[in-house]
Amino acid sequence: MQTDLSAALDIGGTKIAGALVDAHGRMIVRAARPTPADRDGATVMRAVAEVVRELAAGPDWSRVAAVGIGSAGPVDASAGTVSPVNIPGWRGFPLVAGVRELVGGRPVALVGDGVAMTAAEHWQGAARGHDNALCMVVSTGVGGGLVLNGRLHPGPTGNAGHIGHISVDLDGDPCPCGGRGCVERIASGPNIARRALANGWRPGPDGDASAAAVAAAAHAGDLVALRSFERAAQALAAGIAATATLVEIDIAVVGGGVAGAGEVLFAPLRTALRDYATLSFVSELTVVPAQMGTHAGVVGAAAAAAQQSRLDAFAPAR
């Protein structure tokens with residue numbers, strides 16, 4: 001029997017997406033359901049089961065070798081559990097065991113959504129061809145993942161590379177994570193908008209006070225909006241440079257809604273990175289926009305499943 005496909009699930013607070021993905025990163029079957037995030041854990045799991053059953057209904061299911069899950073976090077891959085902040089009904093929820101039962105005992109790999117995005121960008125996107133990379137999602141929060149020595153590096157729990165909770169301002173604002181002055185507390189979309197409003201920026205007639213509206217104002221030359229993005233870029237640059245110094249990455253890929261601001265974010269980010277990444281072994285570090293867009297979650301989950309399947313094949317017998 002030919003087993004050349006991976007099944008993938010991308011689980012977020014709004015949508016549960018699934019796909020069968022081939023060895024070239026192409027999604028040949030897709031399914032999705034809204035996430036019933038305001039319901040109990042069993043109801044959310046039933047939505048996952050509906051997506052899996054739709055993927056499994058066709059003849060291609062027999063070709064699936066392994067299953068990957070990219071989930072909003074926190075996740076704990078070592079325990080197979082998830083506790084997404086935006087799905088209150090799941091706290092320490094045994095997602096891997098539940099999915100494994102749905103997929104006939106096939107191997108199941110679990111990673112955080114930032115790690116899944118990283119896997120996708122390294123396999124098919126902006127980090128392709130780079131053996132050492134940091135990939136980031138800058139949106140409502142700030143997450144990320146690492147590729148080291150050509151391999152996805154999820155860490156023991158599936159959260160390695162979570163750059164959003166590196167502290168870059170020791171006397172900064174408290175972060176909901178319990179830390180202080182975290183990258184996320186400065187560079188996430190809601191915090192870009194919060195800072196702009198606090199410093200005098202005002203929404204237009206439509207009342208839109210989102211980071212996207214701040215970005216539009218910055219593109220139009222609003223100095224307060226520009227300064228809010230410059231501060232976000234400085235925080236991102238400090239976190240990226242610290243990561244590069246620690247593990248010697250040579251590229252940082254930035255995606256997510258905030259990255260949609262384009263040069264309003266990337267121009268000051270490159271400038272700030274030159275100020276922070278000054279040691280000889282990180283001075284050539286580049287930062288680029290992500291390429292995989294909304295497909296990153298499922299494609300990355302499939303890549304994580306394929307990597308885990310290869311590792312399992314070469315693992316010593318116990």
# chains A, B, ... in the order shown; residues from 1 in each chain; ligands from 1

call {"tool": "residues_around", "arguments": {"residues": "Val29 in chain A", "least_positions_apart": "3", "cutoff": "9 Å", "atoms": "only C-alpha atoms", "output": "ChimeraX atom specification"}}
result
/A:18-21,55,58,60

call {"tool": "select_by_dssp", "arguments": {"residues": "range 89-227 of chain A", "states": "strand (DSSP E or B)", "output": "PDB file with all heavy atoms, in the first residue's frame"}}
result
ATOM      1  N   PHE A  93      -6.236  19.190  27.637  1.00  0.00           N
ATOM      2  CA  PHE A  93      -7.110  18.279  26.889  1.00  0.00           C
ATOM      3  C   PHE A  93      -6.276  17.246  26.129  1.00  0.00           C
ATOM      4  O   PHE A  93      -5.334  17.613  25.410  1.00  0.00           O
ATOM      5  CB  PHE A  93      -7.980  19.067  25.917  1.00  0.00           C
ATOM      6  CG  PHE A  93      -9.045  18.243  25.253  1.00  0.00           C
ATOM      7  CD1 PHE A  93     -10.237  17.981  25.902  1.00  0.00           C
ATOM      8  CD2 PHE A  93      -8.838  17.700  23.993  1.00  0.00           C
ATOM      9  CE1 PHE A  93     -11.219  17.210  25.296  1.00  0.00           C
ATOM     10  CE2 PHE A  93      -9.801  16.935  23.381  1.00  0.00           C
ATOM     11  CZ  PHE A  93     -11.005  16.687  24.034  1.00  0.00           C
ATOM     12  N   VAL A 108       0.805  10.265  15.467  1.00  0.00           N
ATOM     13  CA  VAL A 108       0.284  11.633  15.544  1.00  0.00           C
ATOM     14  C   VAL A 108       1.352  12.522  16.158  1.00  0.00           C
ATOM     15  O   VAL A 108       1.863  12.238  17.242  1.00  0.00           O
ATOM     16  CB  VAL A 108      -1.004  11.697  16.390  1.00  0.00           C
ATOM     17  CG1 VAL A 108      -1.495  13.147  16.495  1.00  0.00           C
ATOM     18  CG2 VAL A 108      -2.092  10.814  15.792  1.00  0.00           C
ATOM     19  N   ALA A 109       1.700  13.604  15.449  1.00  0.00           N
ATOM     20  CA  ALA A 109       2.668  14.585  15.943  1.00  0.00           C
ATOM     21  C   ALA A 109       1.936  15.868  16.287  1.00  0.00           C
ATOM     22  O   ALA A 109       1.116  16.357  15.504  1.00  0.00           O
ATOM     23  CB  ALA A 109       3.737  14.858  14.885  1.00  0.00           C
ATOM     24  N   LEU A 110       2.217  16.414  17.470  1.00  0.00           N
ATOM     25  CA  LEU A 110       1.598  17.658  17.927  1.00  0.00           C
ATOM     26  C   LEU A 110       2.656  18.742  18.074  1.00  0.00           C
ATOM     27  O   LEU A 110       3.702  18.520  18.695  1.00  0.00           O
ATOM     28  CB  LEU A 110       0.911  17.434  19.279  1.00  0.00           C
ATOM     29  CG  LEU A 110       0.424  18.681  20.036  1.00  0.00           C
ATOM     30  CD1 LEU A 110      -0.713  19.365  19.280  1.00  0.00           C
ATOM     31  CD2 LEU A 110      -0.021  18.301  21.450  1.00  0.00           C
ATOM     32  N   VAL A 111       2.380  19.929  17.501  1.00  0.00           N
ATOM     33  CA  VAL A 111       3.250  21.086  17.689  1.00  0.00           C
ATOM     34  C   VAL A 111       2.381  22.322  17.880  1.00  0.00           C
ATOM     35  O   VAL A 111       1.201  22.341  17.528  1.00  0.00           O
ATOM     36  CB  VAL A 111       4.201  21.318  16.487  1.00  0.00           C
ATOM     37  CG1 VAL A 111       5.201  20.182  16.356  1.00  0.00           C
ATOM     38  CG2 VAL A 111       3.424  21.507  15.187  1.00  0.00           C
ATOM     39  N   GLY A 112       2.975  23.366  18.444  1.00  0.00           N
ATOM     40  CA  GLY A 112       2.294  24.639  18.540  1.00  0.00           C
ATOM     41  C   GLY A 112       2.128  25.272  17.174  1.00  0.00           C
ATOM     42  O   GLY A 112       2.824  24.936  16.213  1.00  0.00           O
ATOM     43  N   ALA A 133      16.931  28.785  10.966  1.00  0.00           N
ATOM     44  CA  ALA A 133      15.975  29.864  10.751  1.00  0.00           C
ATOM     45  C   ALA A 133      15.057  30.026  11.956  1.00  0.00           C
ATOM     46  O   ALA A 133      14.777  29.072  12.684  1.00  0.00           O
ATOM     47  CB  ALA A 133      15.131  29.575   9.504  1.00  0.00           C
ATOM     48  N   LEU A 134      14.595  31.252  12.132  1.00  0.00           N
ATOM     49  CA  LEU A 134      13.524  31.570  13.067  1.00  0.00           C
ATOM     50  C   LEU A 134      12.347  32.068  12.235  1.00  0.00           C
ATOM     51  O   LEU A 134      12.519  32.934  11.381  1.00  0.00           O
ATOM     52  CB  LEU A 134      13.957  32.676  14.033  1.00  0.00           C
ATOM     53  CG  LEU A 134      12.855  33.336  14.870  1.00  0.00           C
ATOM     54  CD1 LEU A 134      12.303  32.363  15.907  1.00  0.00           C
ATOM     55  CD2 LEU A 134      13.368  34.611  15.536  1.00  0.00           C
ATOM     56  N   CYS A 135      11.176  31.488  12.467  1.00  0.00           N
ATOM     57  CA  CYS A 135       9.972  31.963  11.793  1.00  0.00           C
ATOM     58  C   CYS A 135       8.982  32.420  12.853  1.00  0.00           C
ATOM     59  O   CYS A 135       8.848  31.793  13.902  1.00  0.00           O
ATOM     60  CB  CYS A 135       9.365  30.872  10.922  1.00  0.00           C
ATOM     61  SG  CYS A 135      10.473  30.279   9.615  1.00  0.00           S
ATOM     62  N   MET A 136       8.292  33.516  12.573  1.00  0.00           N
ATOM     63  CA  MET A 136       7.448  34.170  13.576  1.00  0.00           C
ATOM     64  C   MET A 136       6.073  34.476  13.022  1.00  0.00           C
ATOM     65  O   MET A 136       5.917  34.790  11.839  1.00  0.00           O
ATOM     66  CB  MET A 136       8.079  35.495  14.012  1.00  0.00           C
ATOM     67  CG  MET A 136       9.494  35.398  14.500  1.00  0.00           C
ATOM     68  SD  MET A 136      10.198  37.035  14.786  1.00  0.00           S
ATOM     69  CE  MET A 136       9.095  37.663  16.040  1.00  0.00           C
ATOM     70  N   VAL A 137       5.080  34.390  13.893  1.00  0.00           N
ATOM     71  CA  VAL A 137       3.733  34.862  13.601  1.00  0.00           C
ATOM     72  C   VAL A 137       3.481  36.067  14.505  1.00  0.00           C
ATOM     73  O   VAL A 137       3.508  35.945  15.731  1.00  0.00           O
ATOM     74  CB  VAL A 137       2.683  33.775  13.882  1.00  0.00           C
ATOM     75  CG1 VAL A 137       1.287  34.302  13.563  1.00  0.00           C
ATOM     76  CG2 VAL A 137       2.967  32.518  13.079  1.00  0.00           C
ATOM     77  N   VAL A 138       3.260  37.224  13.899  1.00  0.00           N
ATOM     78  CA  VAL A 138       2.992  38.447  14.659  1.00  0.00           C
ATOM     79  C   VAL A 138       1.571  38.873  14.337  1.00  0.00           C
ATOM     80  O   VAL A 138       1.283  39.371  13.249  1.00  0.00           O
ATOM     81  CB  VAL A 138       3.994  39.561  14.311  1.00  0.00           C
ATOM     82  CG1 VAL A 138       3.766  40.765  15.221  1.00  0.00           C
ATOM     83  CG2 VAL A 138       5.426  39.064  14.435  1.00  0.00           C
ATOM     84  N   VAL A 142       2.291  36.880  19.604  1.00  0.00           N
ATOM     85  CA  VAL A 142       3.547  36.696  18.866  1.00  0.00           C
ATOM     86  C   VAL A 142       4.070  35.307  19.203  1.00  0.00           C
ATOM     87  O   VAL A 142       4.373  35.011  20.360  1.00  0.00           O
ATOM     88  CB  VAL A 142       4.601  37.761  19.233  1.00  0.00           C
ATOM     89  CG1 VAL A 142       5.915  37.487  18.489  1.00  0.00           C
ATOM     90  CG2 VAL A 142       4.091  39.160  18.896  1.00  0.00           C
ATOM     91  N   GLY A 143       4.144  34.460  18.196  1.00  0.00           N
ATOM     92  CA  GLY A 143       4.678  33.106  18.376  1.00  0.00           C
ATOM     93  C   GLY A 143       5.773  32.841  17.382  1.00  0.00           C
ATOM     94  O   GLY A 143       6.090  33.686  16.538  1.00  0.00           O
ATOM     95  N   GLY A 144       6.356  31.657  17.460  1.00  0.00           N
ATOM     96  CA  GLY A 144       7.422  31.345  16.514  1.00  0.00           C
ATOM     97  C   GLY A 144       7.921  29.938  16.666  1.00  0.00           C
ATOM     98  O   GLY A 144       7.406  29.140  17.466  1.00  0.00           O
ATOM     99  N   GLY A 145       8.922  29.625  15.864  1.00  0.00           N
ATOM    100  CA  GLY A 145       9.537  28.310  15.892  1.00  0.00           C
ATOM    101  C   GLY A 145      10.909  28.363  15.261  1.00  0.00           C
ATOM    102  O   GLY A 145      11.290  29.361  14.628  1.00  0.00           O
ATOM    103  N   LEU A 146      11.661  27.292  15.445  1.00  0.00           N
ATOM    104  CA  LEU A 146      13.053  27.227  14.995  1.00  0.00           C
ATOM    105  C   LEU A 146      13.293  26.064  14.054  1.00  0.00           C
ATOM    106  O   LEU A 146      12.724  24.979  14.223  1.00  0.00           O
ATOM    107  CB  LEU A 146      13.985  27.066  16.205  1.00  0.00           C
ATOM    108  CG  LEU A 146      14.103  28.241  17.170  1.00  0.00           C
ATOM    109  CD1 LEU A 146      14.777  27.783  18.459  1.00  0.00           C
ATOM    110  CD2 LEU A 146      14.883  29.380  16.523  1.00  0.00           C
ATOM    111  N   VAL A 147      14.168  26.301  13.098  1.00  0.00           N
ATOM    112  CA  VAL A 147      14.801  25.237  12.315  1.00  0.00           C
ATOM    113  C   VAL A 147      16.284  25.302  12.639  1.00  0.00           C
ATOM    114  O   VAL A 147      16.915  26.355  12.502  1.00  0.00           O
ATOM    115  CB  VAL A 147      14.581  25.430  10.803  1.00  0.00           C
ATOM    116  CG1 VAL A 147      15.394  24.420  10.003  1.00  0.00           C
ATOM    117  CG2 VAL A 147      13.098  25.331  10.466  1.00  0.00           C
ATOM    118  N   LEU A 148      16.843  24.186  13.106  1.00  0.00           N
ATOM    119  CA  LEU A 148      18.255  24.120  13.446  1.00  0.00           C
ATOM    120  C   LEU A 148      18.884  22.930  12.738  1.00  0.00           C
ATOM    121  O   LEU A 148      18.328  21.824  12.750  1.00  0.00           O
ATOM    122  CB  LEU A 148      18.443  23.982  14.962  1.00  0.00           C
ATOM    123  CG  LEU A 148      17.868  25.118  15.821  1.00  0.00           C
ATOM    124  CD1 LEU A 148      18.067  24.825  17.304  1.00  0.00           C
ATOM    125  CD2 LEU A 148      18.497  26.455  15.448  1.00  0.00           C
ATOM    126  N   ARG A 151      16.621  20.877  10.445  1.00  0.00           N
ATOM    127  CA  ARG A 151      15.462  20.174  10.979  1.00  0.00           C
ATOM    128  C   ARG A 151      14.602  21.093  11.825  1.00  0.00           C
ATOM    129  O   ARG A 151      15.116  21.942  12.548  1.00  0.00           O
ATOM    130  CB  ARG A 151      15.905  19.010  11.880  1.00  0.00           C
ATOM    131  CG  ARG A 151      16.239  17.745  11.154  1.00  0.00           C
ATOM    132  CD  ARG A 151      16.553  16.688  12.196  1.00  0.00           C
ATOM    133  NE  ARG A 151      16.690  15.373  11.619  1.00  0.00           N
ATOM    134  CZ  ARG A 151      17.079  14.309  12.303  1.00  0.00           C
ATOM    135  NH1 ARG A 151      17.383  14.430  13.589  1.00  0.00           N
ATOM    136  NH2 ARG A 151      17.156  13.140  11.718  1.00  0.00           N
ATOM    137  N   LEU A 152      13.302  20.878  11.749  1.00  0.00           N
ATOM    138  CA  LEU A 152      12.397  21.542  12.661  1.00  0.00           C
ATOM    139  C   LEU A 152      12.785  21.168  14.088  1.00  0.00           C
ATOM    140  O   LEU A 152      13.060  20.010  14.394  1.00  0.00           O
ATOM    141  CB  LEU A 152      10.969  21.084  12.380  1.00  0.00           C
ATOM    142  CG  LEU A 152       9.847  21.772  13.151  1.00  0.00           C
ATOM    143  CD1 LEU A 152       9.736  23.231  12.730  1.00  0.00           C
ATOM    144  CD2 LEU A 152       8.525  21.046  12.909  1.00  0.00           C
ATOM    145  N   SER A 167      11.764  38.501  27.170  1.00  0.00           N
ATOM    146  CA  SER A 167      11.673  39.851  27.723  1.00  0.00           C
ATOM    147  C   SER A 167      12.708  40.753  27.062  1.00  0.00           C
ATOM    148  O   SER A 167      13.900  40.454  27.067  1.00  0.00           O
ATOM    149  CB  SER A 167      11.899  39.826  29.240  1.00  0.00           C
ATOM    150  OG  SER A 167      11.874  41.145  29.755  1.00  0.00           O
ATOM    151  N   PRO A 174       3.770  44.604  32.603  1.00  0.00           N
ATOM    152  CA  PRO A 174       3.508  43.184  32.871  1.00  0.00           C
ATOM    153  C   PRO A 174       2.815  42.539  31.675  1.00  0.00           C
ATOM    154  O   PRO A 174       1.972  43.157  31.017  1.00  0.00           O
ATOM    155  CB  PRO A 174       2.586  43.216  34.092  1.00  0.00           C
ATOM    156  CG  PRO A 174       2.807  44.554  34.720  1.00  0.00           C
ATOM    157  CD  PRO A 174       3.117  45.488  33.590  1.00  0.00           C
ATOM    158  N   ARG A 180       7.476  40.229  32.135  1.00  0.00           N
ATOM    159  CA  ARG A 180       7.439  41.695  32.033  1.00  0.00           C
ATOM    160  C   ARG A 180       8.218  42.117  30.797  1.00  0.00           C
ATOM    161  O   ARG A 180       9.303  41.619  30.535  1.00  0.00           O
ATOM    162  CB  ARG A 180       8.050  42.320  33.289  1.00  0.00           C
ATOM    163  CG  ARG A 180       7.985  43.827  33.333  1.00  0.00           C
ATOM    164  CD  ARG A 180       8.552  44.370  34.626  1.00  0.00           C
ATOM    165  NE  ARG A 180       7.664  44.122  35.755  1.00  0.00           N
ATOM    166  CZ  ARG A 180       6.643  44.916  36.098  1.00  0.00           C
ATOM    167  NH1 ARG A 180       6.389  46.007  35.396  1.00  0.00           N
ATOM    168  NH2 ARG A 180       5.888  44.627  37.133  1.00  0.00           N
ATOM    169  N   CYS A 182       7.651  41.655  27.593  1.00  0.00           N
ATOM    170  CA  CYS A 182       7.814  40.629  26.553  1.00  0.00           C
ATOM    171  C   CYS A 182       7.652  41.232  25.154  1.00  0.00           C
ATOM    172  O   CYS A 182       6.979  42.255  24.970  1.00  0.00           O
ATOM    173  CB  CYS A 182       6.787  39.517  26.738  1.00  0.00           C
ATOM    174  SG  CYS A 182       7.025  38.531  28.222  1.00  0.00           S
TER     175      CYS A 182
END

call {"tool": "atom_distance", "arguments": {"atom1": "CA of Trp201 in chain A", "atom2": "CA of Val214 in chain A"}}
result
8.2 Å

call {"tool": "select_by_dssp", "arguments": {"residues": "range 135-272 of chain A", "states": "helix (DSSP H, G or I)", "output": "PyMOL selection string"}}
result
chain A and resi 163-165+183-187+189-198+211-219+223-247+257-261+263-272

call {"tool": "atom_distance", "arguments": {"atom1": "CA of Asn149 in chain A", "atom2": "CA of Thr294 in chain A"}}
result
26.3 Å

call {"tool": "residues_around", "arguments": {"residues": "Thr14 in chain A", "least_positions_apart": "2", "cutoff": "10 Å", "atoms": "only C-alpha atoms", "output": "short mmCIF file (atom, residue, chain, number, x, y, z; two decimals) with N, CA and C atoms, in the first residue's frame"}}
result
data_model
loop_
_atom_site.label_atom_id
_atom_site.label_comp_id
_atom_site.auth_asym_id
_atom_site.auth_seq_id
_atom_site.Cartn_x
_atom_site.Cartn_y
_atom_site.Cartn_z
N ILE A 11 -5.59 23.88 14.27
CA ILE A 11 -6.66 24.17 15.22
C ILE A 11 -6.46 25.54 15.84
N GLY A 12 -7.41 26.41 15.60
CA GLY A 12 -7.38 27.75 16.17
C GLY A 12 -8.69 28.10 16.81
N ILE A 16 -11.21 25.14 12.57
CA ILE A 16 -10.45 23.88 12.57
C ILE A 16 -10.33 23.46 11.11
N ALA A 17 -9.11 23.53 10.57
CA ALA A 17 -8.88 23.19 9.18
C ALA A 17 -8.11 21.88 9.09
N ARG A 33 -14.16 23.26 9.70
CA ARG A 33 -15.35 23.52 10.49
C ARG A 33 -15.06 24.74 11.37
N PRO A 34 -16.08 25.52 11.68
CA PRO A 34 -15.89 26.58 12.68
C PRO A 34 -15.55 25.97 14.04
N THR A 35 -14.71 26.62 14.79
CA THR A 35 -14.37 26.15 16.14
C THR A 35 -15.46 26.62 17.11
N PRO A 36 -16.15 25.69 17.76
CA PRO A 36 -17.14 26.09 18.77
C PRO A 36 -16.43 26.47 20.08
N ALA A 37 -15.65 27.53 20.02
CA ALA A 37 -14.72 27.86 21.10
C ALA A 37 -15.42 28.21 22.41
N ASN A 86 -7.54 30.54 23.64
CA ASN A 86 -8.79 30.97 23.02
C ASN A 86 -9.82 29.84 22.88
N ILE A 87 -9.56 28.68 23.52
CA ILE A 87 -10.55 27.60 23.58
C ILE A 87 -10.66 27.19 25.05
#

call {"tool": "closest_residue", "arguments": {"among": "A:Ala302, A:Val48, A:Leu170, A:Ala252", "to": "Ala126 in chain A", "atoms": "only C-alpha atoms"}}
result
A:Ala252

call {"tool": "closest_residue", "arguments": {"among": "A:Ala235, A:Ala198, A:Ala8, A:Val82", "to": "Asp169 in chain A", "atoms": "only C-alpha atoms"}}
result
A:Ala235

call {"tool": "residues_around", "arguments": {"residues": "Gly189 in chain A", "least_positions_apart": "3", "cutoff": "9 Å", "atoms": "only C-alpha atoms", "output": "ChimeraX atom specification"}}
result
/A:138-142,184,186,192-194,210-212,257-258

call {"tool": "atom_distance", "arguments": {"atom1": "CA of Val247 in chain A", "atom2": "CA of Ala79 in chain A"}}
result
26.3 Å

call {"tool": "residues_around", "arguments": {"residues": "Pro203 in chain A", "least_positions_apart": "4", "cutoff": "9 Å", "atoms": "only C-alpha atoms", "output": "ChimeraX atom specification"}}
result
/A:197,207-210,213-214,217

call {"tool": "residues_around", "arguments": {"residues": "Ala42 in chain A", "least_positions_apart": "3", "cutoff": "10 Å", "atoms": "only C-alpha atoms", "output": "PyMOL selection string"}}
result
chain A and resi 39+45-48+89-90+93

call {"tool": "write_last_selection", "arguments": {"atoms": "N, CA and C atoms", "output": "JSON list (two decimals), in the first residue's frame"}}
result
[["chain", "number", "residue", "atom", "x", "y", "z"],
["A", 39, "ARG", "N", -17.93, 26.56, 23.62],
["A", 39, "ARG", "CA", -18.62, 25.37, 24.12],
["A", 39, "ARG", "C", -17.65, 24.52, 24.94],
["A", 45, "MET", "N", -14.13, 18.80, 20.42],
["A", 45, "MET", "CA", -13.56, 17.57, 19.88],
["A", 45, "MET", "C", -14.45, 16.95, 18.81],
["A", 46, "ARG", "N", -15.76, 17.11, 18.95],
["A", 46, "ARG", "CA", -16.65, 16.59, 17.91],
["A", 46, "ARG", "C", -16.44, 17.33, 16.59],
["A", 47, "ALA", "N", -16.14, 18.62, 16.66],
["A", 47, "ALA", "CA", -15.83, 19.37, 15.43],
["A", 47, "ALA", "C", -14.54, 18.85, 14.79],
["A", 48, "VAL", "N", -13.54, 18.54, 15.63],
["A", 48, "VAL", "CA", -12.31, 17.93, 15.11],
["A", 48, "VAL", "C", -12.63, 16.61, 14.43],
["A", 89, "GLY", "N", -12.64, 25.56, 26.85],
["A", 89, "GLY", "CA", -13.06, 24.20, 27.19],
["A", 89, "GLY", "C", -11.96, 23.18, 27.13],
["A", 90, "TRP", "N", -10.83, 23.54, 26.57],
["A", 90, "TRP", "CA", -9.68, 22.63, 26.48],
["A", 90, "TRP", "C", -8.60, 23.11, 27.44],
["A", 93, "PHE", "N", -6.24, 19.19, 27.64],
["A", 93, "PHE", "CA", -7.11, 18.28, 26.89],
["A", 93, "PHE", "C", -6.28, 17.25, 26.13]]

call {"tool": "residues_around", "arguments": {"residues": "Ser6 in chain A", "least_positions_apart": "4", "cutoff": "9 Å", "atoms": "only C-alpha atoms", "output": "ChimeraX atom specification"}}
result
/A:19-23,63-68,301-303,305-306
